[in-house]
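Following: one structure in structure tokens, then a few remarks.
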Amino acid sequence: AKEIKNIFDVRAALESLAASTLAARQDRAEAVTALRDAVADMERWAASNLEDRIEADLKFHRTMCLLTGNETLLHQWSSLEGSIRMSIMFAGVDRALKNMDAKRHYDIVDAIESGDADNAAATVRDHMAGAATVLVDGAA
């Protein structure tokens with residue numbers, strides 16, 4: 001449980017940086033479109049097996065980091081990807097699926113689209129805190 005919370009704390013730090021960076025951009029519309037496409041992919045995979053759904057979910061989060069253009073951010077996120085995947089698998093199907101709700105991901109995209117960098121970062125931090133709680137405790 002402690003390791004999962006630690007992983008998601010670091011994810012929150014990295015991904016909140018990504019979200020705030022994207023939200024602060026004048027040209028964020030392209031990033032928003034790419035992220036909406038990634039969530040739509042999650043929706044398309046919703047009836048698939050757990051592994052495909054996890055990959056679609058991770059693709060959304062990886063894309064958010066990639067779109068910043070910050071190679072160090074993307075590298076650090078990528079170094080956690082295996083641990084993220086294993087923590088999701090370890091928690092079991094029911095808990096994992098609770099975190100792959102498209103609405104929760106559209107909330108992040110909407111926050112980025114708003115242009116409010118602080119809100120975008122807070123939305124990601126809330127997303128990660130909630131995800132860790134679900135994986136560890138099963139609570140939504």
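Labels for the structure tokens follow display order: chains A, B, ..., residues from 1 in each chain, ligands from 1.
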
Nearby residues (only C-alpha atoms) at most 12 Å from range 38-55 of chain A, same-chain spacing under 3 positions excluded, as a compact mmCIF listing (two decimals) with all heavy atoms, in the first residue's frame:
```txt
# COMPACT_ATOMS: atom_id res chain seq x y z
N ALA A 31 -3.08 20.38 -27.99
CA ALA A 31 -2.89 19.40 -26.92
C ALA A 31 -4.24 18.88 -26.42
O ALA A 31 -4.40 17.69 -26.19
CB ALA A 31 -2.10 20.02 -25.76
N VAL A 32 -5.19 19.78 -26.28
CA VAL A 32 -6.53 19.40 -25.83
C VAL A 32 -7.15 18.40 -26.81
O VAL A 32 -7.74 17.38 -26.41
CB VAL A 32 -7.42 20.64 -25.63
CG1 VAL A 32 -8.89 20.27 -25.48
CG2 VAL A 32 -6.93 21.43 -24.41
N THR A 33 -7.00 18.66 -28.10
CA THR A 33 -7.53 17.75 -29.11
C THR A 33 -6.88 16.37 -29.00
O THR A 33 -7.56 15.34 -29.02
CB THR A 33 -7.32 18.33 -30.53
OG1 THR A 33 -8.06 19.55 -30.62
CG2 THR A 33 -7.80 17.37 -31.60
N ALA A 34 -5.57 16.34 -28.84
CA ALA A 34 -4.85 15.06 -28.72
C ALA A 34 -5.28 14.31 -27.46
O ALA A 34 -5.45 13.09 -27.49
CB ALA A 34 -3.35 15.31 -28.71
N LEU A 35 -5.48 15.04 -26.38
CA LEU A 35 -5.90 14.40 -25.13
C LEU A 35 -7.34 13.90 -25.21
O LEU A 35 -7.66 12.82 -24.70
CB LEU A 35 -5.71 15.35 -23.95
CG LEU A 35 -4.26 15.64 -23.61
CD1 LEU A 35 -4.16 16.77 -22.58
CD2 LEU A 35 -3.55 14.39 -23.10
N LEU A 58 -2.84 4.42 -19.73
CA LEU A 58 -1.46 4.90 -19.66
C LEU A 58 -1.11 5.77 -20.85
O LEU A 58 -0.35 6.74 -20.71
CB LEU A 58 -0.49 3.72 -19.55
CG LEU A 58 -0.54 2.95 -18.23
CD1 LEU A 58 0.37 1.73 -18.29
CD2 LEU A 58 -0.19 3.85 -17.05
N LYS A 59 -1.67 5.45 -22.01
CA LYS A 59 -1.42 6.27 -23.21
C LYS A 59 -1.89 7.70 -22.97
O LYS A 59 -1.22 8.66 -23.36
CB LYS A 59 -2.11 5.68 -24.42
CG LYS A 59 -1.91 6.49 -25.68
CD LYS A 59 -2.68 5.93 -26.85
CE LYS A 59 -2.58 6.87 -28.04
NZ LYS A 59 -3.52 6.51 -29.10
N PHE A 60 -3.05 7.87 -22.34
CA PHE A 60 -3.54 9.22 -22.04
C PHE A 60 -2.52 9.97 -21.19
O PHE A 60 -2.14 11.10 -21.51
CB PHE A 60 -4.89 9.16 -21.31
CG PHE A 60 -5.31 10.49 -20.75
CD1 PHE A 60 -5.97 11.40 -21.55
CD2 PHE A 60 -4.99 10.84 -19.44
CE1 PHE A 60 -6.34 12.65 -21.05
CE2 PHE A 60 -5.36 12.08 -18.94
CZ PHE A 60 -6.03 12.99 -19.73
N HIS A 61 -2.08 9.35 -20.11
CA HIS A 61 -1.17 10.02 -19.18
C HIS A 61 0.20 10.26 -19.81
O HIS A 61 0.80 11.32 -19.63
CB HIS A 61 -1.07 9.22 -17.89
CG HIS A 61 -2.36 9.20 -17.14
ND1 HIS A 61 -2.76 10.25 -16.34
CD2 HIS A 61 -3.36 8.29 -17.10
CE1 HIS A 61 -3.96 9.97 -15.83
NE2 HIS A 61 -4.33 8.79 -16.28
N ARG A 62 0.70 9.29 -20.59
CA ARG A 62 1.97 9.46 -21.30
C ARG A 62 1.86 10.60 -22.30
O ARG A 62 2.78 11.43 -22.43
CB ARG A 62 2.35 8.16 -22.01
CG ARG A 62 3.70 8.19 -22.69
CD ARG A 62 4.03 6.90 -23.45
NE ARG A 62 3.65 5.68 -22.78
CZ ARG A 62 2.60 4.91 -23.12
NH1 ARG A 62 1.83 5.23 -24.15
NH2 ARG A 62 2.34 3.81 -22.45
N THR A 63 0.75 10.66 -23.02
CA THR A 63 0.54 11.72 -24.02
C THR A 63 0.56 13.09 -23.36
O THR A 63 1.15 14.03 -23.90
CB THR A 63 -0.79 11.48 -24.77
OG1 THR A 63 -0.71 10.24 -25.47
CG2 THR A 63 -1.10 12.60 -25.74
N MET A 64 -0.06 13.20 -22.20
CA MET A 64 -0.06 14.48 -21.51
C MET A 64 1.38 14.93 -21.22
O MET A 64 1.73 16.09 -21.45
CB MET A 64 -0.87 14.37 -20.21
CG MET A 64 -1.08 15.70 -19.52
SD MET A 64 -2.29 15.62 -18.19
CE MET A 64 -1.61 14.35 -17.14
N GLU A 81 6.58 3.88 -15.47
CA GLU A 81 5.48 3.23 -16.17
C GLU A 81 5.31 1.76 -15.78
O GLU A 81 4.20 1.28 -15.58
CB GLU A 81 5.64 3.38 -17.68
CG GLU A 81 4.42 2.97 -18.45
CD GLU A 81 4.50 3.35 -19.92
OE1 GLU A 81 5.51 3.91 -20.37
OE2 GLU A 81 3.52 3.08 -20.61
N GLY A 82 6.40 1.02 -15.68
CA GLY A 82 6.30 -0.38 -15.28
C GLY A 82 5.72 -0.54 -13.88
O GLY A 82 4.87 -1.41 -13.64
N ILE A 84 3.78 1.61 -12.38
CA ILE A 84 2.37 2.02 -12.46
C ILE A 84 1.53 0.83 -12.94
O ILE A 84 0.51 0.49 -12.34
CB ILE A 84 2.20 3.22 -13.41
CG1 ILE A 84 2.92 4.46 -12.89
CG2 ILE A 84 0.71 3.51 -13.65
CD1 ILE A 84 3.09 5.56 -13.93
N ARG A 85 1.98 0.22 -14.01
CA ARG A 85 1.26 -0.91 -14.60
C ARG A 85 1.11 -2.04 -13.57
O ARG A 85 0.04 -2.61 -13.40
CB ARG A 85 1.99 -1.40 -15.85
CG ARG A 85 1.26 -2.45 -16.63
CD ARG A 85 2.01 -2.84 -17.90
NE ARG A 85 1.93 -1.79 -18.92
CZ ARG A 85 2.92 -0.96 -19.25
NH1 ARG A 85 4.08 -1.04 -18.66
NH2 ARG A 85 2.76 -0.05 -20.18
N MET A 86 2.19 -2.37 -12.88
CA MET A 86 2.15 -3.45 -11.90
C MET A 86 1.24 -3.11 -10.72
O MET A 86 0.52 -3.98 -10.23
CB MET A 86 3.56 -3.77 -11.40
CG MET A 86 4.44 -4.40 -12.48
SD MET A 86 3.72 -5.87 -13.25
CE MET A 86 3.65 -6.97 -11.85
N SER A 87 1.23 -1.86 -10.28
CA SER A 87 0.36 -1.50 -9.15
C SER A 87 -1.11 -1.61 -9.54
O SER A 87 -1.94 -2.01 -8.72
CB SER A 87 0.70 -0.10 -8.63
OG SER A 87 0.41 0.89 -9.57
N ILE A 88 -1.42 -1.29 -10.78
CA ILE A 88 -2.80 -1.40 -11.27
C ILE A 88 -3.19 -2.87 -11.35
O ILE A 88 -4.26 -3.27 -10.88
CB ILE A 88 -2.96 -0.70 -12.63
CG1 ILE A 88 -2.74 0.81 -12.49
CG2 ILE A 88 -4.33 -1.00 -13.23
CD1 ILE A 88 -2.58 1.56 -13.81
N MET A 89 -2.32 -3.70 -11.91
CA MET A 89 -2.60 -5.13 -12.03
C MET A 89 -2.73 -5.78 -10.65
O MET A 89 -3.59 -6.61 -10.43
CB MET A 89 -1.50 -5.83 -12.84
CG MET A 89 -1.39 -5.36 -14.28
SD MET A 89 -2.78 -5.83 -15.29
CE MET A 89 -2.46 -7.56 -15.50
N PHE A 90 -1.87 -5.39 -9.73
CA PHE A 90 -1.85 -5.96 -8.39
C PHE A 90 -3.17 -5.69 -7.65
O PHE A 90 -3.65 -6.52 -6.89
CB PHE A 90 -0.68 -5.37 -7.59
CG PHE A 90 -0.66 -5.79 -6.15
CD1 PHE A 90 -0.19 -7.04 -5.79
CD2 PHE A 90 -1.11 -4.93 -5.16
CE1 PHE A 90 -0.17 -7.43 -4.46
CE2 PHE A 90 -1.10 -5.32 -3.83
CZ PHE A 90 -0.62 -6.58 -3.47
N ALA A 91 -3.76 -4.54 -7.91
CA ALA A 91 -4.98 -4.15 -7.20
C ALA A 91 -6.19 -4.97 -7.61
O ALA A 91 -7.17 -5.05 -6.88
CB ALA A 91 -5.27 -2.66 -7.42
N GLY A 92 -6.15 -5.56 -8.80
CA GLY A 92 -7.26 -6.38 -9.26
C GLY A 92 -8.16 -5.63 -10.23
O GLY A 92 -8.15 -4.41 -10.32
N VAL A 93 -8.94 -6.40 -10.95
CA VAL A 93 -9.77 -5.87 -12.03
C VAL A 93 -10.76 -4.82 -11.55
O VAL A 93 -10.84 -3.73 -12.12
CB VAL A 93 -10.52 -7.02 -12.75
CG1 VAL A 93 -11.48 -6.46 -13.79
CG2 VAL A 93 -9.54 -7.97 -13.39
N ASP A 94 -11.52 -5.12 -10.51
CA ASP A 94 -12.56 -4.19 -10.06
C ASP A 94 -11.99 -2.84 -9.67
O ASP A 94 -12.51 -1.79 -10.08
CB ASP A 94 -13.35 -4.78 -8.88
CG ASP A 94 -14.20 -5.97 -9.29
OD1 ASP A 94 -14.49 -6.11 -10.51
OD2 ASP A 94 -14.57 -6.76 -8.41
N ARG A 95 -10.93 -2.85 -8.90
CA ARG A 95 -10.31 -1.58 -8.48
C ARG A 95 -9.70 -0.85 -9.67
O ARG A 95 -9.82 0.36 -9.80
CB ARG A 95 -9.26 -1.83 -7.41
CG ARG A 95 -9.88 -2.28 -6.10
CD ARG A 95 -8.83 -2.52 -5.05
NE ARG A 95 -9.45 -3.03 -3.84
CZ ARG A 95 -8.82 -3.17 -2.69
NH1 ARG A 95 -7.55 -2.85 -2.59
NH2 ARG A 95 -9.45 -3.63 -1.64
N ALA A 96 -9.03 -1.59 -10.53
CA ALA A 96 -8.39 -0.97 -11.70
C ALA A 96 -9.43 -0.29 -12.58
O ALA A 96 -9.23 0.85 -13.03
CB ALA A 96 -7.62 -2.03 -12.50
N LEU A 97 -10.54 -0.96 -12.82
CA LEU A 97 -11.55 -0.40 -13.72
C LEU A 97 -12.20 0.87 -13.17
O LEU A 97 -12.58 1.74 -13.95
CB LEU A 97 -12.62 -1.46 -14.03
CG LEU A 97 -12.12 -2.66 -14.84
CD1 LEU A 97 -13.25 -3.64 -15.09
CD2 LEU A 97 -11.46 -2.23 -16.14
N LYS A 98 -12.30 0.99 -11.86
CA LYS A 98 -12.86 2.21 -11.28
C LYS A 98 -12.04 3.44 -11.68
O LYS A 98 -12.58 4.53 -11.81
CB LYS A 98 -12.88 2.12 -9.75
CG LYS A 98 -13.96 1.25 -9.19
CD LYS A 98 -13.91 1.28 -7.67
CE LYS A 98 -14.92 0.33 -7.06
NZ LYS A 98 -14.84 0.33 -5.59
N ASN A 99 -10.75 3.26 -11.87
CA ASN A 99 -9.86 4.38 -12.20
C ASN A 99 -9.84 4.71 -13.68
O ASN A 99 -9.26 5.72 -14.07
CB ASN A 99 -8.44 4.09 -11.73
CG ASN A 99 -8.29 4.26 -10.24
OD1 ASN A 99 -9.06 4.96 -9.61
ND2 ASN A 99 -7.31 3.59 -9.68
N MET A 100 -10.43 3.89 -14.49
CA MET A 100 -10.35 4.09 -15.94
C MET A 100 -11.60 4.72 -16.51
O MET A 100 -11.87 4.64 -17.71
CB MET A 100 -10.04 2.75 -16.62
CG MET A 100 -8.67 2.28 -16.23
SD MET A 100 -8.26 0.76 -17.03
CE MET A 100 -7.07 0.13 -15.88
N ASP A 101 -12.33 5.40 -15.67
CA ASP A 101 -13.55 6.09 -16.09
C ASP A 101 -13.18 7.28 -16.97
O ASP A 101 -12.36 8.12 -16.59
CB ASP A 101 -14.29 6.56 -14.83
CG ASP A 101 -15.52 7.35 -15.16
OD1 ASP A 101 -16.42 6.80 -15.81
OD2 ASP A 101 -15.59 8.53 -14.76
N ALA A 102 -13.78 7.34 -18.14
CA ALA A 102 -13.46 8.41 -19.09
C ALA A 102 -13.76 9.79 -18.51
O ALA A 102 -13.00 10.74 -18.72
CB ALA A 102 -14.21 8.20 -20.39
N LYS A 103 -14.85 9.93 -17.76
CA LYS A 103 -15.24 11.24 -17.21
C LYS A 103 -14.11 11.82 -16.36
O LYS A 103 -13.81 13.01 -16.45
CB LYS A 103 -16.51 11.09 -16.37
CG LYS A 103 -16.77 12.26 -15.43
CD LYS A 103 -17.82 13.19 -15.92
CE LYS A 103 -18.20 14.30 -14.99
NZ LYS A 103 -17.15 15.18 -14.52
N ARG A 104 -13.46 10.99 -15.55
CA ARG A 104 -12.37 11.47 -14.71
C ARG A 104 -11.23 12.04 -15.56
O ARG A 104 -10.55 12.98 -15.17
CB ARG A 104 -11.83 10.34 -13.82
CG ARG A 104 -12.85 9.84 -12.81
CD ARG A 104 -12.30 8.71 -11.95
NE ARG A 104 -11.32 9.26 -11.02
CZ ARG A 104 -10.06 8.86 -10.95
NH1 ARG A 104 -9.60 7.92 -11.73
NH2 ARG A 104 -9.23 9.41 -10.09
N HIS A 105 -11.04 11.46 -16.74
CA HIS A 105 -9.98 11.93 -17.62
C HIS A 105 -10.40 13.15 -18.42
O HIS A 105 -9.60 14.06 -18.65
CB HIS A 105 -9.52 10.78 -18.53
CG HIS A 105 -8.83 9.70 -17.76
ND1 HIS A 105 -9.51 8.76 -17.01
CD2 HIS A 105 -7.51 9.44 -17.59
CE1 HIS A 105 -8.64 7.97 -16.43
NE2 HIS A 105 -7.41 8.36 -16.76
N TYR A 106 -11.67 13.21 -18.81
CA TYR A 106 -12.17 14.42 -19.47
C TYR A 106 -12.08 15.61 -18.52
O TYR A 106 -11.85 16.75 -18.97
CB TYR A 106 -13.60 14.24 -19.96
CG TYR A 106 -13.73 13.50 -21.27
CD1 TYR A 106 -14.54 12.38 -21.38
CD2 TYR A 106 -13.04 13.92 -22.41
CE1 TYR A 106 -14.67 11.70 -22.59
CE2 TYR A 106 -13.16 13.25 -23.62
CZ TYR A 106 -13.98 12.13 -23.70
OH TYR A 106 -14.09 11.47 -24.90
N ASP A 107 -12.24 15.39 -17.22
CA ASP A 107 -12.10 16.49 -16.24
C ASP A 107 -10.70 17.10 -16.32
O ASP A 107 -10.55 18.33 -16.23
CB ASP A 107 -12.37 15.99 -14.82
CG ASP A 107 -13.83 15.65 -14.57
OD1 ASP A 107 -14.70 16.04 -15.38
OD2 ASP A 107 -14.11 14.97 -13.56
N ILE A 108 -9.69 16.26 -16.50
CA ILE A 108 -8.32 16.77 -16.63
C ILE A 108 -8.19 17.60 -17.91
O ILE A 108 -7.64 18.70 -17.90
CB ILE A 108 -7.30 15.60 -16.64
CG1 ILE A 108 -7.28 14.89 -15.29
CG2 ILE A 108 -5.90 16.10 -17.02
CD1 ILE A 108 -6.48 13.60 -15.27
N VAL A 109 -8.73 17.07 -19.01
CA VAL A 109 -8.66 17.78 -20.29
C VAL A 109 -9.38 19.12 -20.19
O VAL A 109 -8.87 20.15 -20.65
CB VAL A 109 -9.22 16.93 -21.44
CG1 VAL A 109 -9.12 17.69 -22.76
CG2 VAL A 109 -8.49 15.60 -21.54
N ASP A 110 -10.56 19.12 -19.58
CA ASP A 110 -11.32 20.37 -19.42
C ASP A 110 -10.53 21.39 -18.60
O ASP A 110 -10.53 22.59 -18.92
CB ASP A 110 -12.66 20.10 -18.74
CG ASP A 110 -13.63 19.33 -19.63
OD1 ASP A 110 -13.41 19.24 -20.85
OD2 ASP A 110 -14.62 18.80 -19.07
```

Residues near Asn119 in chain A, anyone? I mean within 12 Å using only C-alpha atoms, not counting same-chain ones fewer than 3 positions away, as a PyMOL selection string. chain A and resi 16-17+19-24+107-116+122-126

Kindly save the residues from that selection, with all heavy atoms included, as a compact mmCIF listing (two decimals), in the first residue's frame.
```
# COMPACT_ATOMS: atom_id res chain seq x y z
N SER A 16 0.99 16.72 -12.73
CA SER A 16 0.45 18.06 -12.45
C SER A 16 1.33 19.11 -13.11
O SER A 16 0.83 20.13 -13.60
CB SER A 16 0.31 18.30 -10.94
OG SER A 16 1.56 18.29 -10.29
N LEU A 17 2.64 18.85 -13.18
CA LEU A 17 3.53 19.74 -13.92
C LEU A 17 3.14 19.74 -15.40
O LEU A 17 3.06 20.80 -16.04
CB LEU A 17 4.99 19.32 -13.75
CG LEU A 17 6.01 20.05 -14.62
CD1 LEU A 17 6.01 21.55 -14.34
CD2 LEU A 17 7.40 19.45 -14.41
N ALA A 19 0.19 19.03 -16.74
CA ALA A 19 -1.11 19.69 -16.93
C ALA A 19 -0.99 21.21 -16.81
O ALA A 19 -1.56 21.94 -17.62
CB ALA A 19 -2.12 19.16 -15.91
N SER A 20 -0.24 21.68 -15.82
CA SER A 20 -0.11 23.13 -15.67
C SER A 20 0.68 23.74 -16.83
O SER A 20 0.35 24.83 -17.30
CB SER A 20 0.53 23.49 -14.32
OG SER A 20 1.86 23.01 -14.24
N THR A 21 1.68 23.02 -17.31
CA THR A 21 2.45 23.49 -18.47
C THR A 21 1.55 23.63 -19.69
O THR A 21 1.58 24.64 -20.39
CB THR A 21 3.61 22.52 -18.76
OG1 THR A 21 4.49 22.48 -17.63
CG2 THR A 21 4.39 22.95 -20.00
N LEU A 22 0.75 22.60 -19.95
CA LEU A 22 -0.14 22.62 -21.11
C LEU A 22 -1.20 23.70 -20.96
O LEU A 22 -1.52 24.40 -21.92
CB LEU A 22 -0.79 21.25 -21.31
CG LEU A 22 0.18 20.13 -21.71
CD1 LEU A 22 -0.54 18.79 -21.71
CD2 LEU A 22 0.85 20.41 -23.04
N ALA A 23 -1.76 23.85 -19.77
CA ALA A 23 -2.80 24.86 -19.55
C ALA A 23 -2.29 26.27 -19.75
O ALA A 23 -3.03 27.15 -20.20
CB ALA A 23 -3.39 24.71 -18.14
N ALA A 24 -1.03 26.50 -19.44
CA ALA A 24 -0.45 27.84 -19.55
C ALA A 24 -0.12 28.23 -20.99
O ALA A 24 0.15 29.40 -21.27
CB ALA A 24 0.82 27.93 -18.70
N ASP A 107 -12.24 15.39 -17.22
CA ASP A 107 -12.10 16.49 -16.24
C ASP A 107 -10.70 17.10 -16.32
O ASP A 107 -10.55 18.33 -16.23
CB ASP A 107 -12.37 15.99 -14.82
CG ASP A 107 -13.83 15.65 -14.57
OD1 ASP A 107 -14.70 16.04 -15.38
OD2 ASP A 107 -14.11 14.97 -13.56
N ILE A 108 -9.69 16.26 -16.50
CA ILE A 108 -8.32 16.77 -16.63
C ILE A 108 -8.19 17.60 -17.91
O ILE A 108 -7.64 18.70 -17.90
CB ILE A 108 -7.30 15.60 -16.64
CG1 ILE A 108 -7.28 14.89 -15.29
CG2 ILE A 108 -5.90 16.10 -17.02
CD1 ILE A 108 -6.48 13.60 -15.27
N VAL A 109 -8.73 17.07 -19.01
CA VAL A 109 -8.66 17.78 -20.29
C VAL A 109 -9.38 19.12 -20.19
O VAL A 109 -8.87 20.15 -20.65
CB VAL A 109 -9.22 16.93 -21.44
CG1 VAL A 109 -9.12 17.69 -22.76
CG2 VAL A 109 -8.49 15.60 -21.54
N ASP A 110 -10.56 19.12 -19.58
CA ASP A 110 -11.32 20.37 -19.42
C ASP A 110 -10.53 21.39 -18.60
O ASP A 110 -10.53 22.59 -18.92
CB ASP A 110 -12.66 20.10 -18.74
CG ASP A 110 -13.63 19.33 -19.63
OD1 ASP A 110 -13.41 19.24 -20.85
OD2 ASP A 110 -14.62 18.80 -19.07
N ALA A 111 -9.85 20.92 -17.56
CA ALA A 111 -9.05 21.83 -16.72
C ALA A 111 -7.89 22.41 -17.52
O ALA A 111 -7.59 23.60 -17.40
CB ALA A 111 -8.55 21.09 -15.48
N ILE A 112 -7.25 21.60 -18.35
CA ILE A 112 -6.18 22.11 -19.21
C ILE A 112 -6.75 23.12 -20.20
O ILE A 112 -6.19 24.20 -20.40
CB ILE A 112 -5.47 20.94 -19.94
CG1 ILE A 112 -4.68 20.10 -18.93
CG2 ILE A 112 -4.56 21.46 -21.06
CD1 ILE A 112 -4.17 18.79 -19.48
N GLU A 113 -7.87 22.78 -20.80
CA GLU A 113 -8.49 23.66 -21.80
C GLU A 113 -8.86 25.01 -21.21
O GLU A 113 -8.80 26.03 -21.89
CB GLU A 113 -9.72 22.98 -22.38
CG GLU A 113 -10.36 23.76 -23.52
CD GLU A 113 -11.50 23.00 -24.17
OE1 GLU A 113 -12.29 22.35 -23.44
OE2 GLU A 113 -11.60 23.06 -25.40
N SER A 114 -9.21 25.05 -19.92
CA SER A 114 -9.62 26.29 -19.28
C SER A 114 -8.51 27.35 -19.25
O SER A 114 -8.78 28.53 -19.13
CB SER A 114 -10.08 26.02 -17.83
OG SER A 114 -8.95 25.83 -16.97
N GLY A 115 -7.25 26.88 -19.34
CA GLY A 115 -6.14 27.82 -19.30
C GLY A 115 -5.70 28.18 -17.89
O GLY A 115 -4.79 28.98 -17.71
N ASP A 116 -6.34 27.61 -16.89
CA ASP A 116 -6.00 27.87 -15.49
C ASP A 116 -4.99 26.81 -15.05
O ASP A 116 -5.37 25.68 -14.72
CB ASP A 116 -7.27 27.82 -14.64
CG ASP A 116 -7.03 28.13 -13.17
OD1 ASP A 116 -5.88 27.99 -12.70
OD2 ASP A 116 -8.01 28.50 -12.48
N ALA A 122 -4.15 21.02 -9.90
CA ALA A 122 -4.96 20.51 -8.78
C ALA A 122 -5.86 19.36 -9.23
O ALA A 122 -6.06 18.38 -8.50
CB ALA A 122 -5.79 21.63 -8.17
N THR A 123 -6.40 19.46 -10.44
CA THR A 123 -7.26 18.40 -10.96
C THR A 123 -6.48 17.10 -11.10
O THR A 123 -6.98 16.02 -10.75
CB THR A 123 -7.88 18.83 -12.31
OG1 THR A 123 -8.65 20.02 -12.09
CG2 THR A 123 -8.77 17.75 -12.89
N VAL A 124 -5.25 17.19 -11.59
CA VAL A 124 -4.42 15.99 -11.70
C VAL A 124 -4.06 15.44 -10.33
O VAL A 124 -4.11 14.23 -10.10
CB VAL A 124 -3.14 16.27 -12.53
CG1 VAL A 124 -2.16 15.11 -12.43
CG2 VAL A 124 -3.52 16.52 -13.98
N ARG A 125 -3.70 16.31 -9.40
CA ARG A 125 -3.37 15.83 -8.05
C ARG A 125 -4.56 15.11 -7.42
O ARG A 125 -4.40 14.05 -6.81
CB ARG A 125 -2.90 16.98 -7.16
CG ARG A 125 -1.47 17.45 -7.50
CD ARG A 125 -0.90 18.39 -6.45
NE ARG A 125 -1.68 19.61 -6.32
CZ ARG A 125 -1.48 20.71 -7.04
NH1 ARG A 125 -0.52 20.76 -7.94
NH2 ARG A 125 -2.23 21.78 -6.85
N ASP A 126 -5.76 15.67 -7.58
CA ASP A 126 -6.98 15.02 -7.07
C ASP A 126 -7.21 13.68 -7.76
O ASP A 126 -7.59 12.69 -7.11
CB ASP A 126 -8.20 15.92 -7.26
CG ASP A 126 -8.20 17.14 -6.37
OD1 ASP A 126 -7.39 17.19 -5.41
OD2 ASP A 126 -9.00 18.06 -6.63
```

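Going from CA of Met128 in chain A over to CA of Ala12 in chain A, you cover 5.6 Å.
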
DSSP helix (DSSP H, G or I) selection over chain A, as a PyMOL selection string: chain A and resi 2-23+28-44+50-66+71-91+93-98+102-114+117-137

Under the rule that only C-alpha atoms are counted, which of A:Lys2, A:Ala18, A:Leu67, A:Gly130 is the nearest residue to Asp118 in chain A? A:Ala18

I'd like the interatomic distance between CA of Val136 in chain A and CA of Ala56 in chain A, to a tenth of an Å. 21.3 Å

Just the residues within 8 Å of Trp77 in chain A, please, counting only C-alpha atoms, with nothing from its chain fewer than 5 positions along; format it as a list in words.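 Here the answer would be Arg11, Leu14, Arg62 and Cys65 of chain A.
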
Give me, please, the distance in Å between CA of Leu135 in chain A and CA of Ala1 in chain A, quoted to one decimal.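 Distance between the two atoms: 8.4 Å.
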